[in-house]
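This is upload_38.txt. It holds compact mmCIF, C-alpha atoms.
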```txt
# COMPACT_ATOMS: atom_id res chain seq x y z
CA MET A 24 115.06 99.14 107.93
CA PRO A 25 118.39 99.66 109.76
CA THR A 26 121.49 99.61 107.59
CA ILE A 27 123.10 96.95 109.75
CA LEU A 28 120.38 94.50 108.78
CA TYR A 29 121.07 95.01 105.09
CA SER A 30 124.83 94.60 105.28
CA SER A 31 125.80 91.18 103.94
CA ASN A 32 129.14 91.45 105.77
CA SER A 33 127.63 92.19 109.15
CA LYS A 34 128.60 89.68 111.84
CA HIS A 35 125.24 90.31 113.48
CA LEU A 36 123.20 89.19 110.47
CA SER A 37 123.36 85.43 111.04
CA ARG A 38 122.62 85.90 114.73
CA PHE A 39 119.61 88.03 113.83
CA GLN A 40 118.33 85.42 111.38
CA ARG A 41 118.66 82.67 113.99
CA LYS A 42 116.81 84.58 116.71
CA ALA A 43 114.32 86.73 114.87
CA LYS A 44 111.59 84.08 114.66
CA LEU A 45 109.09 84.45 117.48
CA SER A 46 108.96 80.98 118.94
CA SER A 47 106.28 79.92 121.36
CA SER A 48 108.87 79.59 124.11
CA SER A 49 110.04 83.18 123.65
CA LEU A 50 106.42 84.32 123.73
CA ASP A 51 105.79 82.51 127.01
CA VAL A 52 108.85 84.17 128.57
CA ARG A 53 107.47 87.63 127.81
CA ILE A 54 104.01 87.02 129.23
CA ASN A 55 103.30 88.58 132.64
CA ARG A 56 106.93 89.05 133.74
CA ASN A 57 107.69 92.30 135.59
CA ASP A 58 104.48 93.76 134.21
CA SER A 59 104.59 97.15 135.88
CA PRO A 60 101.87 99.47 134.55
CA PHE A 61 102.59 102.35 132.18
CA LEU A 62 102.71 105.59 134.16
CA SER A 63 101.07 108.78 132.93
CA ASP A 64 99.43 111.76 134.61
CA LYS A 65 96.74 111.77 131.91
CA LYS A 66 93.35 110.09 132.24
CA MET A 67 93.37 106.42 131.24
CA ASP A 68 92.44 105.90 127.54
CA SER A 69 92.10 109.63 126.91
CA LYS A 70 93.59 111.06 123.72
CA GLU A 71 96.43 112.63 125.71
CA TYR A 72 97.12 109.31 127.46
CA LEU A 73 97.31 107.44 124.14
CA ILE A 74 99.67 110.08 122.74
CA ASP A 75 101.94 109.65 125.77
CA LEU A 76 101.82 105.85 125.41
CA CYS A 77 102.69 105.89 121.70
CA SER A 78 105.35 108.57 122.13
CA SER A 79 107.07 106.53 124.86
CA ILE A 80 107.71 103.76 122.30
CA TYR A 81 107.79 105.30 118.83
CA PRO A 82 110.89 107.24 117.67
CA LYS A 83 110.87 111.03 118.13
CA SER A 84 110.73 111.50 114.36
CA VAL A 85 107.04 110.48 114.32
CA HIS A 86 105.86 112.15 117.55
CA SER A 87 104.48 115.22 115.77
CA GLU A 88 102.39 112.98 113.45
CA VAL A 89 101.08 110.90 116.36
CA ALA A 90 99.94 114.02 118.21
CA ARG A 91 97.64 114.95 115.29
CA TYR A 92 95.86 111.59 115.01
CA SER A 93 92.20 110.96 115.78
CA GLU A 94 91.18 108.91 118.82
CA THR A 95 90.45 105.86 116.68
CA LYS A 96 93.81 105.96 114.92
CA LEU A 97 95.57 106.49 118.26
CA ALA A 98 93.77 103.47 119.74
CA ILE A 99 95.06 101.30 116.88
CA HIS A 100 98.59 102.70 117.05
CA ALA A 101 98.68 102.10 120.82
CA ILE A 102 98.39 98.35 120.13
CA VAL A 103 100.99 98.50 117.35
CA ALA A 104 103.37 100.45 119.61
CA LEU A 105 103.02 97.96 122.47
CA ILE A 106 103.69 95.09 120.06
CA CYS A 107 106.84 96.88 118.92
CA LYS A 108 107.87 97.41 122.54
CA ASN A 109 107.48 93.72 123.43
CA PHE A 110 108.88 92.11 120.30
CA ILE A 111 111.03 94.68 118.45
CA CYS A 112 112.55 97.20 120.84
CA SER A 113 113.67 94.41 123.19
CA TRP A 114 116.08 93.20 120.46
CA TYR A 115 118.27 96.29 120.64
CA GLY A 116 121.40 95.88 122.73
CA GLU A 117 120.83 92.14 123.15
CA LYS A 118 120.13 90.53 119.79
CA ILE A 119 121.13 93.49 117.59
CA ALA A 120 124.09 95.67 118.59
CA THR A 121 122.54 98.98 117.56
CA LYS A 122 120.12 101.63 118.78
CA ASP A 123 118.99 102.49 115.29
CA THR A 124 115.19 103.05 115.35
CA GLU A 125 114.64 102.84 111.59
CA LEU A 126 113.08 99.38 111.88
CA VAL A 127 110.46 100.61 114.36
CA SER A 128 109.83 103.64 112.11
CA ASN A 129 109.24 101.37 109.13
CA ILE A 130 106.85 99.16 111.09
CA TYR A 131 105.01 102.30 112.22
CA GLN A 132 104.76 103.47 108.60
CA PHE A 133 103.67 100.01 107.42
CA PHE A 134 100.69 99.92 109.77
CA ASP A 135 99.93 103.60 109.26
CA ASP A 136 99.58 102.97 105.52
CA ILE A 137 97.23 100.04 106.18
CA ILE A 138 95.06 102.19 108.49
CA ASP A 139 94.93 105.02 105.94
CA ASN A 140 94.06 102.66 103.08
CA ALA A 141 91.33 101.02 105.17
CA SER A 142 89.83 104.39 106.15
CA LYS A 143 89.64 105.44 102.48
CA THR A 144 87.96 102.23 101.38
CA THR A 145 84.38 102.39 100.15
CA VAL A 146 82.74 99.52 101.98
CA ASP A 147 79.68 97.74 100.61
CA TRP A 148 77.97 97.22 103.97
CA GLU A 149 74.90 95.69 102.33
CA GLN A 150 77.02 92.94 100.78
CA ILE A 151 79.05 92.33 103.95
CA ILE A 152 76.25 92.40 106.55
CA LEU A 153 73.41 90.86 104.58
CA ASP A 154 75.24 88.31 102.41
CA ASP A 155 78.89 87.46 103.09
CA LEU A 156 79.07 87.35 106.90
CA PRO A 157 75.73 85.48 107.25
CA MET A 158 77.03 82.86 104.81
CA LEU A 159 80.26 82.40 106.79
CA ILE A 160 78.42 82.26 110.11
CA GLU A 161 75.70 79.88 108.89
CA THR A 162 78.32 77.51 107.46
CA HIS A 163 80.14 77.51 110.79
CA ILE A 164 76.92 76.95 112.77
CA VAL A 165 75.85 74.01 110.61
CA ILE A 166 79.29 72.39 110.86
CA MET A 167 79.57 72.98 114.62
CA ARG A 168 76.16 71.35 115.15
CA LYS A 169 77.36 68.31 113.23
CA VAL A 170 80.67 68.23 115.12
CA ILE A 171 78.99 68.42 118.55
CA ASN A 172 76.15 66.01 117.78
CA GLU A 173 78.45 63.40 116.24
CA LYS A 174 81.43 64.17 118.53
CA LEU A 175 83.79 64.71 115.60
CA CYS A 176 87.47 65.56 115.96
CA LEU A 177 89.33 68.68 114.83
CA GLU A 178 90.49 67.10 111.56
CA ASP A 179 86.87 66.22 110.69
CA PHE A 180 85.97 69.86 111.37
CA TYR A 181 88.66 71.00 108.95
CA GLN A 182 87.49 68.58 106.28
CA LEU A 183 83.90 69.78 106.58
CA HIS A 184 85.16 73.33 106.01
CA LEU A 185 87.29 72.14 103.05
CA TYR A 186 90.24 73.69 104.89
CA LYS A 187 93.62 73.26 103.18
CA HIS A 188 95.75 74.08 106.27
CA THR A 189 96.86 77.33 104.68
CA TYR A 190 96.45 79.66 107.67
CA PRO A 191 98.15 81.81 108.72
CA TYR A 192 100.90 81.84 106.07
CA SER A 193 98.80 82.23 102.93
CA LEU A 194 96.87 84.99 104.67
CA THR A 195 100.17 86.62 105.62
CA ALA A 196 101.31 86.52 102.00
CA ALA A 197 98.06 88.16 100.92
CA ILE A 198 98.53 90.96 103.47
CA ILE A 199 102.17 91.82 102.75
CA GLN A 200 102.30 91.18 98.99
CA ASN A 201 101.74 94.84 98.10
CA PHE A 202 104.40 96.01 100.58
CA ASP A 203 107.24 94.00 99.08
CA ASN A 204 110.30 96.14 98.31
CA GLY A 205 112.56 93.33 97.11
CA SER A 206 114.34 92.80 100.43
CA LYS A 207 114.46 89.11 101.39
CA LEU A 208 115.31 90.00 104.98
CA GLN A 209 112.34 92.35 105.32
CA SER A 210 110.10 89.74 103.71
CA ALA A 211 111.29 87.08 106.18
CA PHE A 212 110.77 89.46 109.08
CA MET A 213 107.23 90.40 108.00
CA GLN A 214 106.34 86.73 107.50
CA ASP A 215 107.34 86.02 111.11
CA PHE A 216 105.90 89.21 112.58
CA VAL A 217 102.54 89.24 110.79
CA GLY A 218 102.10 85.49 110.30
CA ASP A 219 103.73 83.79 113.27
CA PHE A 220 102.92 86.48 115.82
CA LEU A 221 99.89 88.60 114.85
CA LEU A 222 97.80 86.07 112.92
CA ASP A 223 98.84 82.95 114.84
CA LYS A 224 99.79 83.57 118.47
CA LEU A 225 97.61 86.62 119.09
CA VAL A 226 94.61 85.06 117.36
CA GLU A 227 95.16 81.87 119.35
CA LYS A 228 95.14 83.95 122.53
CA LEU A 229 91.84 85.60 121.56
CA ALA A 230 90.36 82.19 120.68
CA GLU A 231 90.82 80.83 124.20
CA PRO A 232 87.37 79.64 125.37
CA PHE A 233 87.58 81.49 128.70
CA ILE A 234 88.51 84.72 126.86
CA VAL A 235 85.56 84.29 124.46
CA VAL A 236 83.13 83.58 127.30
CA ASP A 237 84.38 86.55 129.30
CA LEU A 238 83.95 88.78 126.24
CA ILE A 239 80.36 87.59 125.79
CA ARG A 240 79.62 88.31 129.45
CA SER A 241 81.02 91.83 129.05
CA ILE A 242 78.97 92.48 125.90
CA CYS A 243 75.76 91.24 127.55
CA ASN A 244 76.39 93.38 130.64
CA SER A 245 77.04 96.41 128.43
CA ILE A 246 73.79 95.88 126.50
CA GLU A 247 71.80 95.48 129.72
CA THR A 248 73.38 98.62 131.20
CA ARG A 249 72.60 100.73 128.11
CA LYS A 250 69.06 99.39 128.00
CA GLU A 251 68.56 100.22 131.66
CA GLU A 252 69.94 103.73 131.24
CA LYS A 253 67.70 104.31 128.25
CA SER A 254 64.61 103.09 130.11
CA ASN A 255 65.42 105.40 133.04
CA THR A 256 65.74 108.49 130.83
CA SER A 257 62.70 107.88 128.61
CA GLN A 258 59.09 106.95 129.14
CA THR A 259 58.10 103.38 128.44
CA ASN A 260 55.91 103.09 125.36
CA ASN A 261 53.16 100.55 124.96
CA TRP A 262 52.89 98.29 121.94
CA PHE A 263 50.60 100.69 120.04
CA GLN A 264 53.10 103.53 120.46
CA LYS A 265 55.96 101.27 119.36
CA ILE A 266 54.06 100.25 116.21
CA TYR A 267 53.26 103.91 115.51
CA HIS A 268 56.94 104.89 115.83
CA LEU A 269 57.91 101.95 113.60
CA PHE A 270 55.65 103.17 110.79
CA ALA A 271 56.81 106.76 111.34
CA ASN A 272 60.43 105.67 110.95
CA PHE A 273 59.47 103.63 107.90
CA GLN A 274 58.14 106.80 106.30
CA ILE A 275 60.98 109.11 107.37
CA HIS A 276 64.04 106.92 106.72
CA GLY A 277 65.40 107.16 103.21
CA ASN A 278 64.13 110.74 102.81
CA LYS A 279 66.35 112.56 105.32
CA VAL A 280 70.04 111.72 105.20
CA THR A 281 72.83 113.86 106.60
CA LYS A 282 75.72 114.90 104.37
CA LYS A 283 78.05 112.84 106.56
CA GLU A 284 75.98 109.73 105.85
CA GLU A 285 75.60 110.29 102.09
CA LYS A 286 78.86 108.51 101.25
CA PHE A 287 77.52 105.29 102.84
CA LEU A 288 74.37 105.18 100.71
CA PRO A 289 74.28 103.22 97.43
CA SER A 290 75.22 105.43 94.49
CA LEU A 291 73.79 103.09 91.84
CA PRO A 292 70.08 102.44 91.22
CA ILE A 293 68.59 99.70 93.40
CA THR A 294 68.20 96.65 91.16
CA ASN A 295 68.10 93.73 93.59
CA ASN A 296 65.32 92.59 95.91
CA PHE A 297 66.21 93.52 99.50
CA PHE A 298 64.56 90.39 100.91
CA ASP A 299 66.51 88.14 98.57
CA HIS A 300 69.65 88.73 100.64
CA TYR A 301 71.26 85.64 102.14
CA ILE A 302 70.64 86.65 105.77
CA PHE A 303 66.89 86.04 105.60
CA GLY A 304 67.26 82.49 104.33
CA ALA A 305 70.06 81.84 106.85
CA LEU A 306 67.87 83.02 109.74
CA SER A 307 65.02 80.79 108.58
CA ARG A 308 67.25 77.74 108.35
CA CYS A 309 69.32 78.26 111.51
CA LEU A 310 66.33 79.12 113.70
CA GLN A 311 63.92 76.75 111.89
CA LEU A 312 61.35 79.54 111.49
CA GLU A 313 59.14 77.54 109.15
CA SER A 314 58.20 75.08 111.90
CA ARG A 315 58.75 77.16 115.03
CA LYS A 316 57.57 80.62 113.92
CA PRO A 317 55.37 80.00 110.88
CA LEU A 318 53.77 83.47 111.01
CA LEU A 319 57.17 85.19 110.87
CA PHE A 320 58.31 82.82 108.12
CA LEU A 321 55.15 83.61 106.13
CA SER A 322 55.67 87.35 106.66
CA LEU A 323 59.21 87.17 105.29
CA LYS A 324 58.02 85.23 102.26
CA ALA A 325 55.22 87.76 101.69
CA LEU A 326 57.67 90.68 101.90
CA GLN A 327 59.92 88.88 99.44
CA VAL A 328 57.05 88.58 96.95
CA PHE A 329 55.73 92.11 97.47
CA SER A 330 59.15 93.74 97.22
CA ASN A 331 59.64 91.99 93.87
CA ASN A 332 56.44 93.55 92.55
CA VAL A 333 56.24 96.84 94.45
CA GLU A 334 59.32 99.00 93.97
CA PHE A 335 58.32 101.33 96.82
CA ILE A 336 58.65 98.57 99.43
CA ASN A 337 62.00 97.36 98.11
CA SER A 338 63.56 100.83 97.85
CA ARG A 339 62.22 101.93 101.23
CA PHE A 340 63.62 98.94 103.13
CA THR A 341 66.93 99.33 101.29
CA HIS A 342 67.20 102.98 102.27
CA ILE A 343 66.21 102.22 105.87
CA PHE A 344 69.05 99.67 106.08
CA HIS A 345 71.64 102.04 104.59
CA SER A 346 70.47 104.95 106.72
CA LYS A 347 70.69 102.90 109.92
CA THR A 348 74.05 101.43 108.92
CA SER A 349 75.51 104.79 107.99
CA SER A 350 74.39 106.36 111.27
CA ILE A 351 76.11 103.56 113.21
CA VAL A 352 79.31 103.61 111.11
CA SER A 353 79.60 107.40 111.21
CA ARG A 354 78.91 107.51 114.95
CA LYS A 355 81.98 108.53 116.93
CA GLY A 356 83.42 106.33 119.63
CA TRP A 357 82.38 102.77 118.81
CA MET A 358 85.44 101.94 116.69
CA SER A 359 87.93 103.42 119.13
CA ALA A 360 86.15 101.65 122.02
CA LEU A 361 86.60 98.34 120.18
CA TRP A 362 90.36 98.85 119.82
CA LEU A 363 90.67 100.07 123.42
CA LYS A 364 88.96 96.89 124.61
CA MET A 365 91.36 94.78 122.54
CA ARG A 366 94.36 96.61 123.99
CA HIS A 367 93.14 96.02 127.54
CA LEU A 368 92.75 92.35 126.74
CA LEU A 369 96.21 91.93 125.21
CA PHE A 370 98.16 94.40 127.36
CA PRO A 371 96.30 94.76 130.67
CA HIS A 372 98.88 97.20 132.12
CA ASP A 373 99.98 98.82 128.84
CA ASN A 374 103.33 97.14 129.23
CA LYS A 375 103.79 93.38 128.84
CA LEU A 376 101.68 91.02 126.75
CA GLY A 377 99.66 88.81 129.02
CA PRO A 378 96.18 87.62 129.97
CA SER A 379 94.10 90.02 132.05
CA LYS A 380 93.62 87.25 134.61
CA GLU A 381 94.75 83.76 135.39
CA VAL A 382 93.33 80.78 133.52
CA PRO A 383 90.23 79.74 135.50
CA THR A 384 89.84 76.39 137.20
CA VAL A 385 87.32 73.88 135.87
CA GLU A 386 84.74 75.00 138.44
CA GLU A 387 85.33 78.69 137.72
CA PHE A 388 85.10 78.11 133.97
CA GLU A 389 81.79 76.25 134.33
CA GLN A 390 80.43 79.19 136.32
CA MET A 391 81.66 81.61 133.64
CA LYS A 392 79.84 79.59 130.97
CA LYS A 393 76.66 79.58 133.05
CA ASP A 394 76.87 83.34 133.62
CA ALA A 395 77.44 83.98 129.90
CA SER A 396 74.44 81.83 128.97
CA LEU A 397 72.24 83.63 131.52
CA GLY A 398 73.45 86.94 130.10
CA LEU A 399 72.46 85.89 126.58
CA GLN A 400 69.04 84.80 127.87
CA ARG A 401 68.45 88.18 129.54
CA VAL A 402 69.52 90.06 126.40
CA ALA A 403 67.22 87.87 124.27
CA ARG A 404 64.32 88.87 126.51
CA LEU A 405 65.33 92.54 126.49
CA ILE A 406 65.22 92.73 122.68
CA ASN A 407 62.24 90.33 122.47
CA ALA A 408 64.28 87.82 120.45
CA ASN A 409 62.71 85.01 122.49
CA MET A 410 59.23 86.06 121.36
CA ILE A 411 59.97 87.14 117.78
CA LEU A 412 62.62 84.60 116.75
CA GLY A 413 61.82 81.87 119.27
CA ILE A 414 65.30 81.79 120.81
CA THR A 415 65.19 79.53 123.86
CA ASP A 416 67.37 79.17 126.95
CA VAL A 417 68.58 75.80 125.67
CA GLU A 418 69.81 77.43 122.47
CA CYS A 419 71.76 80.00 124.51
CA ASP A 420 73.40 77.11 126.40
CA SER A 421 74.19 75.38 123.09
CA PHE A 422 75.71 78.58 121.68
CA ILE A 423 78.09 78.87 124.64
CA ALA A 424 78.89 75.15 124.42
CA ALA A 425 79.85 75.55 120.74
CA LEU A 426 82.18 78.48 121.51
CA THR A 427 83.93 76.50 124.25
CA TYR A 428 84.09 73.15 122.42
CA ASP A 429 87.59 73.55 120.95
CA LYS A 430 90.00 76.48 120.96
CA ASN A 431 91.37 75.53 117.53
CA MET A 432 87.91 75.71 115.99
CA ASN A 433 87.50 79.23 117.40
CA LYS A 434 90.94 80.10 116.04
CA PHE A 435 90.03 78.86 112.57
CA MET A 436 86.81 80.90 112.54
CA LEU A 437 88.66 84.05 113.61
CA GLN A 438 91.29 83.54 110.93
CA ARG A 439 88.61 82.93 108.33
CA LEU A 440 86.84 86.16 109.30
CA ILE A 441 90.16 88.03 109.17
CA ASP A 442 90.81 86.47 105.76
CA TYR A 443 87.49 87.76 104.45
CA LEU A 444 87.78 91.24 105.99
CA VAL A 445 91.43 91.82 105.05
CA THR A 446 91.09 90.57 101.49
CA SER A 447 88.17 92.95 101.04
CA LEU A 448 90.55 95.89 101.40
CA PRO A 449 92.12 97.46 98.29
CA VAL A 450 95.66 96.57 99.45
CA VAL A 451 94.81 92.88 98.93
CA SER A 452 92.96 91.51 95.95
CA THR A 453 92.99 87.72 96.24
CA SER A 454 91.67 85.32 98.87
CA SER A 455 94.17 83.16 100.66
CA ASN A 456 92.02 80.10 101.28
CA THR A 457 89.81 79.61 98.26
CA PRO A 458 88.52 76.00 98.26
```
Can I see the file as structure tokens?
Amino acid sequence: MPTILYSSNSKHLSRFQRKAKLSSSSLDVRINRNDSPFLSDKKMDSKEYLIDLCSSIYPKSVHSEVARYSETKLAIHAIVALICKNFICSWYGEKIATKDTELVSNIYQFFDDIIDNASKTTVDWEQIILDDLPMLIETHIVIMRKVINEKLCLEDFYQLHLYKHTYPYSLTAAIIQNFDNGSKLQSAFMQDFVGDFLLDKLVEKLAEPFIVVDLIRSICNSIETRKEEKSNTSQTNNWFQKIYHLFANFQIHGNKVTKKEEKFLPSLPITNNFFDHYIFGALSRCLQLESRKPLLFLSLKALQVFSNNVEFINSRFTHIFHSKTSSIVSRKGWMSALWLKMRHLLFPHDNKLGPSKEVPTVEEFEQMKKDASLGLQRVARLINANMILGITDVECDSFIAALTYDKNMNKFMLQRLIDYLVTSLPVVSTSSNTP
């Protein structure tokens, strides 16, 4: 960090300490004021464009490193750079009488280390997708049903979750604990920057009901578009052909795995029953399969019994899951597209932080909710979820209603998911909100 910030005799130190905290009023001032778009002769969101964007903010000392990054890493750094531009670089000349860029360089290095550590992490996708996330989601669904049916308040919601009001500061401590270098000033800065800004204000922005609904509409439209493109480029198969291909895939998967996908497959012998994973019980309970889809419920129970007694079935389904997961994870583009979408949401013109559009009126918001529900209904029909799982139009309406019930409930769920995902990384070893 800049030398001036470490000097105990500096006359600027007390002024920095008074103004460094990112208050909500200072955040509001920065939103959508003189938001002229970032200018570049490169194609929007291309690798060259992202290099130009990062290089326009980061110090020259790191430009050569930025130019060598992959598209995914550039997409992440573009967000970090824009955050620095809005809330760090604006200090110089006004709040801090220096043009020293060491602080921005250290923030760049801080996030670069996190990205590198995350990319080197061996992720247990089976545990995350089939056990941990379904448990978190089912708990939230059950509590939201109770809250909506009984018209409970936010404090009741927190009590049902056994929430100790520890977010975002305990989560912040868990994130930055392994980056502590003994500097109290740097610690105070990181608490404000990561906790007050990233994990509080930005998460609160993403938890806005109209933002969530708009995101769902975009996802549904994207799924419908891909499905339509796929149907136009390939012949439509009948049910017999689909069943044939299903059994063919069942036989092939687990036998042929690319070298790129090998690192995602389980290295230890398979000892657990695949159908004992939490997700199958959660689906049965949340969708009430026993009463609404008894044949499907019976099939799952039969597979659970058979996989316990027939090793071939258990190992084959396990390898199918890992093969499918590894092909998705190793596929190029999806991760960078996710970060690009987040950047567009937070910084619509690659300049100032601000919403991509004005807050809708009550009538406009009701129409957005209706459109999102209709989109979910169409997607459910496209993937046959209405026939297989019995998902109804009323349940799509209820899902949208739950997501728009209370912004603070959305915020809590996002913070809880971040808590789980971040504390799964090797840089953090303890959970910040253990009941």
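The gap separating CA of Glu227 in chain A from CA of Tyr192 in chain A is 14.5 Å, in Å to one decimal.
Note that CA of Phe298 in chain A and CA of Gln327 in chain A are 5.1 Å apart.
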Open item on the list: Considering only C-alpha atoms, can you say which of A:Val328, A:Leu376, A:Val89, A:Leu426 comes closest to Ala230 in chain A?
Closed with: A:Leu426
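Taking CA of Ala211 in chain A and CA of Thr124 in chain A as the two end points, the separation is 18.8 Å.
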Open item on the list: Neighbouring residues of Gly304 in chain A were defined as those with any atom within 12 Å, considering all atoms listed in the file; residues of the same chain fewer than 6 positions away were excluded. Please report them as a list in words.
Closed with: Leu153, Asp154, Pro157, Met158, Glu161, Phe298, Leu310, Gln311, Leu312, Glu313, Phe320, Leu323, Lys324 and Gln327 of chain A
Could you save those same residues with C-alpha atoms as a compact mmCIF listing (two decimals), in the coordinates of the input?
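File produced: selection11.txt:
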```
# COMPACT_ATOMS: atom_id res chain seq x y z
CA LEU A 153 73.41 90.86 104.58
CA ASP A 154 75.24 88.31 102.41
CA PRO A 157 75.73 85.48 107.25
CA MET A 158 77.03 82.86 104.81
CA GLU A 161 75.70 79.88 108.89
CA PHE A 298 64.56 90.39 100.91
CA LEU A 310 66.33 79.12 113.70
CA GLN A 311 63.92 76.75 111.89
CA LEU A 312 61.35 79.54 111.49
CA GLU A 313 59.14 77.54 109.15
CA PHE A 320 58.31 82.82 108.12
CA LEU A 323 59.21 87.17 105.29
CA LYS A 324 58.02 85.23 102.26
CA GLN A 327 59.92 88.88 99.44
```
